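Comments concern the structure below.
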Amino acid sequence: MIAHLFRIRRSSHGTEGIFAAGAFSCFTMELPWKDNRPNISCIPAGRYKVTIRVSPRFGQVYHVTEVEGRSSILIHSGNFAGDKSLGLRTHSQGCILVGKYTGILEGQRAVLASRITLRRLLDFCGGQDFTLRIQEAF
């Protein structure tokens with residue numbers, strides 16, 4: 001299976017996108033682009049292999065592999081992916097957060113209904129590996 005992540009908005013609040021795989025779709029939130037620096041940047045647009053993994057912190061999640069210069073890039077639940085250097089909140093250290101909706105939470109852009117969206121993604125993909133193609137619309 002091939003999944004697509006279309007990045008549609010970039011700001012200090014994060015990089016927002018739309019994830020689509022077959023009949024499943026959701027919104028995403030990633031850190032702002034900071035030259036692919038670990039823990040503070042989203043990963044570059046490109047094509048990646050995604051595998052299932054059990055994270056000690058998040059449980060069963062998807063792991064984005066083969067990211068040059070990076071490791072432990074997960075697709076997991078969370079709301080915020082803001083620029084911490086500007087005092088914004090984040091639940092990501094370079095990972096992709098998923099949600100059913102986007103909106104404002106505590107004055108910051110966020111993805112919402114994240115845990116249930118992650119469960120639905122895991123159910124839809126059935127734990128199978130897939131290819132993720134990340135593209136930017138800006």
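Lettering and numbering for the structure tokens are positional, with chains as A, B, ... in the shown order, residues counted from 1 in each chain, and ligands counted from 1 in the shown order.
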Counting only C-alpha atoms, which residues in range 14-66 of chain A sit no more than 8 Å from range 72-79 of chain A? For each one, give the nearest pair of atoms and the distance in Å, sorted by chain then residue number, as CSV.
residue,atom,partner,partner_atom,distance
A:Met29,CA,A:Asn79,CA,7.6
A:Phe58,CA,A:His76,CA,6.9
A:Val61,CA,A:His76,CA,5.9
A:Tyr62,CA,A:Ile75,CA,5.2
A:His63,CA,A:Leu74,CA,4.5
A:Val64,CA,A:Ile73,CA,5.3
A:Thr65,CA,A:Ile73,CA,7.1
Selected residues written out with C-alpha atoms, as a PDB file, in the first residue's frame:
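That gives us again-v7.pdb:
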ATOM      1  CA  MET A  29       0.719  17.917  12.522  1.00  0.00           C
ATOM      2  CA  PHE A  58       2.996   5.280  22.872  1.00  0.00           C
ATOM      3  CA  VAL A  61       2.521   2.865  16.412  1.00  0.00           C
ATOM      4  CA  TYR A  62       3.967   3.155  12.932  1.00  0.00           C
ATOM      5  CA  HIS A  63       7.685   3.833  12.469  1.00  0.00           C
ATOM      6  CA  VAL A  64       8.890   5.895   9.489  1.00  0.00           C
ATOM      7  CA  THR A  65      12.216   4.356   8.450  1.00  0.00           C
TER       8      THR A  65
END
_So that I can check the surroundings of range 11-20 of chain A, please list as JSON, numbers by chain every protein, DNA and RNA residue that reaches within 6 Å of it, counting only C-alpha atoms and ignoring chain neighbours fewer than 6 positions away._
{"A": [3, 4, 5, 26, 27, 28, 29, 30, 31, 32, 81, 82, 83, 109]}
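If only C-alpha atoms are the atoms counted, then among A:Arg9, A:Gly107, A:Gln93, A:Arg53 the closest residue to Pro38 in chain A is A:Gln93.
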Tyr101 in chain A environment, 9 Å, only C-alpha atoms, sequence neighbours closer than 2 positions dropped, as an mmCIF file with C-alpha atoms, in the first residue's frame:
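Below you can see result_3.cif, which holds the result:
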data_model
loop_
_atom_site.group_PDB
_atom_site.id
_atom_site.type_symbol
_atom_site.label_atom_id
_atom_site.label_comp_id
_atom_site.auth_asym_id
_atom_site.auth_seq_id
_atom_site.Cartn_x
_atom_site.Cartn_y
_atom_site.Cartn_z
ATOM 1 C CA CYS A 26 -6.905 12.193 8.588
ATOM 2 C CA PHE A 27 -5.080 15.393 9.426
ATOM 3 C CA THR A 28 -1.453 15.556 10.517
ATOM 4 C CA VAL A 98 -2.507 12.321 13.495
ATOM 5 C CA GLY A 99 -5.986 13.679 14.235
ATOM 6 C CA GLY A 103 -8.308 23.523 15.222
ATOM 7 C CA ALA A 110 -3.427 21.480 16.843
ATOM 8 C CA VAL A 111 -4.790 18.172 15.608
ATOM 9 C CA LEU A 112 -7.716 16.884 17.645
ATOM 10 C CA ALA A 113 -9.229 13.465 18.448
ATOM 11 C CA SER A 114 -5.732 12.072 18.013
#
_Straight-line distance linking CA of Asp123 in chain A with CA of Leu105 in chain A, stated in Å to one decimal_ =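 It comes out at 26.7 Å.
Residues of range 32-100 of chain A that DSSP places in strand (DSSP E or B), based on the backbone of this structure, are Gly46, Arg47, Tyr48, Lys49, Val50, Thr51, Ile52, Arg53, Val54, Ser55, Gly59, Gln60, Val61, Tyr62, His63, Val64, Thr65, Ile73, Leu74, Ile75, His76, Ala81, Thr90, Ile96, Leu97, Val98 and Gly99 of chain A.
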*Looking only at the backbone, which of the residues in range 12-116 of chain A does DSSP tag as helix (DSSP H, G or I), as a PyMOL selection string?*
chain A and resi 84-86+114-116
Please, could you write that set of residues out with N, CA and C atoms as a PDB file, in the first residue's frame?
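So part_32.pdb came out as:
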ATOM      1  N   LYS A  84       9.228  25.078  19.952  1.00  0.00           N
ATOM      2  CA  LYS A  84       9.497  25.274  21.384  1.00  0.00           C
ATOM      3  C   LYS A  84      10.366  26.498  21.640  1.00  0.00           C
ATOM      4  N   SER A  85      11.243  26.850  20.691  1.00  0.00           N
ATOM      5  CA  SER A  85      12.113  28.014  20.891  1.00  0.00           C
ATOM      6  C   SER A  85      11.311  29.309  20.945  1.00  0.00           C
ATOM      7  N   LEU A  86      10.064  29.266  20.484  1.00  0.00           N
ATOM      8  CA  LEU A  86       9.172  30.435  20.536  1.00  0.00           C
ATOM      9  C   LEU A  86       8.153  30.310  21.663  1.00  0.00           C
ATOM     10  N   SER A 114      -6.934  12.733  18.509  1.00  0.00           N
ATOM     11  CA  SER A 114      -5.732  12.072  18.013  1.00  0.00           C
ATOM     12  C   SER A 114      -5.674  10.587  18.377  1.00  0.00           C
ATOM     13  N   ARG A 115      -5.964  10.230  19.607  1.00  0.00           N
ATOM     14  CA  ARG A 115      -5.847   8.815  20.011  1.00  0.00           C
ATOM     15  C   ARG A 115      -6.772   7.920  19.190  1.00  0.00           C
ATOM     16  N   ILE A 116      -8.016   8.347  19.034  1.00  0.00           N
ATOM     17  CA  ILE A 116      -8.966   7.534  18.259  1.00  0.00           C
ATOM     18  C   ILE A 116      -8.562   7.467  16.794  1.00  0.00           C
TER      19      ILE A 116
END
Near Ile43 in chain A, counting only C-alpha atoms, which residues have an atom at most 8 Å away, once you skip same-chain residues fewer than 2 positions from it, shown as a short mmCIF file (atom, residue, chain, number, x, y, z; two decimals) with N, CA and C atoms, in the first residue's frame?
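Saved as result_13.cif:
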data_model
loop_
_atom_site.label_atom_id
_atom_site.label_comp_id
_atom_site.auth_asym_id
_atom_site.auth_seq_id
_atom_site.Cartn_x
_atom_site.Cartn_y
_atom_site.Cartn_z
N TRP A 33 9.62 23.19 9.69
CA TRP A 33 10.85 22.81 8.99
C TRP A 33 12.03 23.58 9.57
N ASN A 36 15.79 19.68 8.78
CA ASN A 36 15.85 18.27 9.16
C ASN A 36 16.67 18.02 10.42
N SER A 41 12.70 19.50 13.99
CA SER A 41 12.27 19.70 12.61
C SER A 41 11.44 18.52 12.14
N ALA A 45 10.43 16.11 2.72
CA ALA A 45 9.49 15.47 1.79
C ALA A 45 10.25 14.34 1.10
N VAL A 67 14.95 7.50 7.05
CA VAL A 67 14.99 8.96 6.98
C VAL A 67 16.44 9.38 7.20
N GLY A 94 9.91 15.37 16.17
CA GLY A 94 10.18 15.06 14.77
C GLY A 94 9.19 14.08 14.19
#
_Atom-to-atom span, CA of Asp129 in chain A and CA of Pro56 in chain A, Å_ =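 Going from CA of Asp129 in chain A over to CA of Pro56 in chain A, I get 19.8 Å.
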*With only C-alpha atoms as the basis for distance, which of A:Ile2, A:Arg10, A:Ala23, A:Gly59 is at the shortest distance from Ala137 in chain A?*
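Ranking A:Ile2, A:Arg10, A:Ala23, A:Gly59 by distance to Ala137 in chain A, first place goes to A:Arg10.
Minimum atom-to-atom distance to Cys42 in chain A, evaluated using only C-alpha atoms, belongs to A:Ser71 out of A:Gln108, A:Ser71, A:Thr102, A:Gln128.
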*Using only C-alpha atoms, pick whichever of A:Ile134, A:Cys125, A:Ile52, A:Leu88 has the shortest atom-to-atom distance to Glu106 in chain A.*
A:Leu88
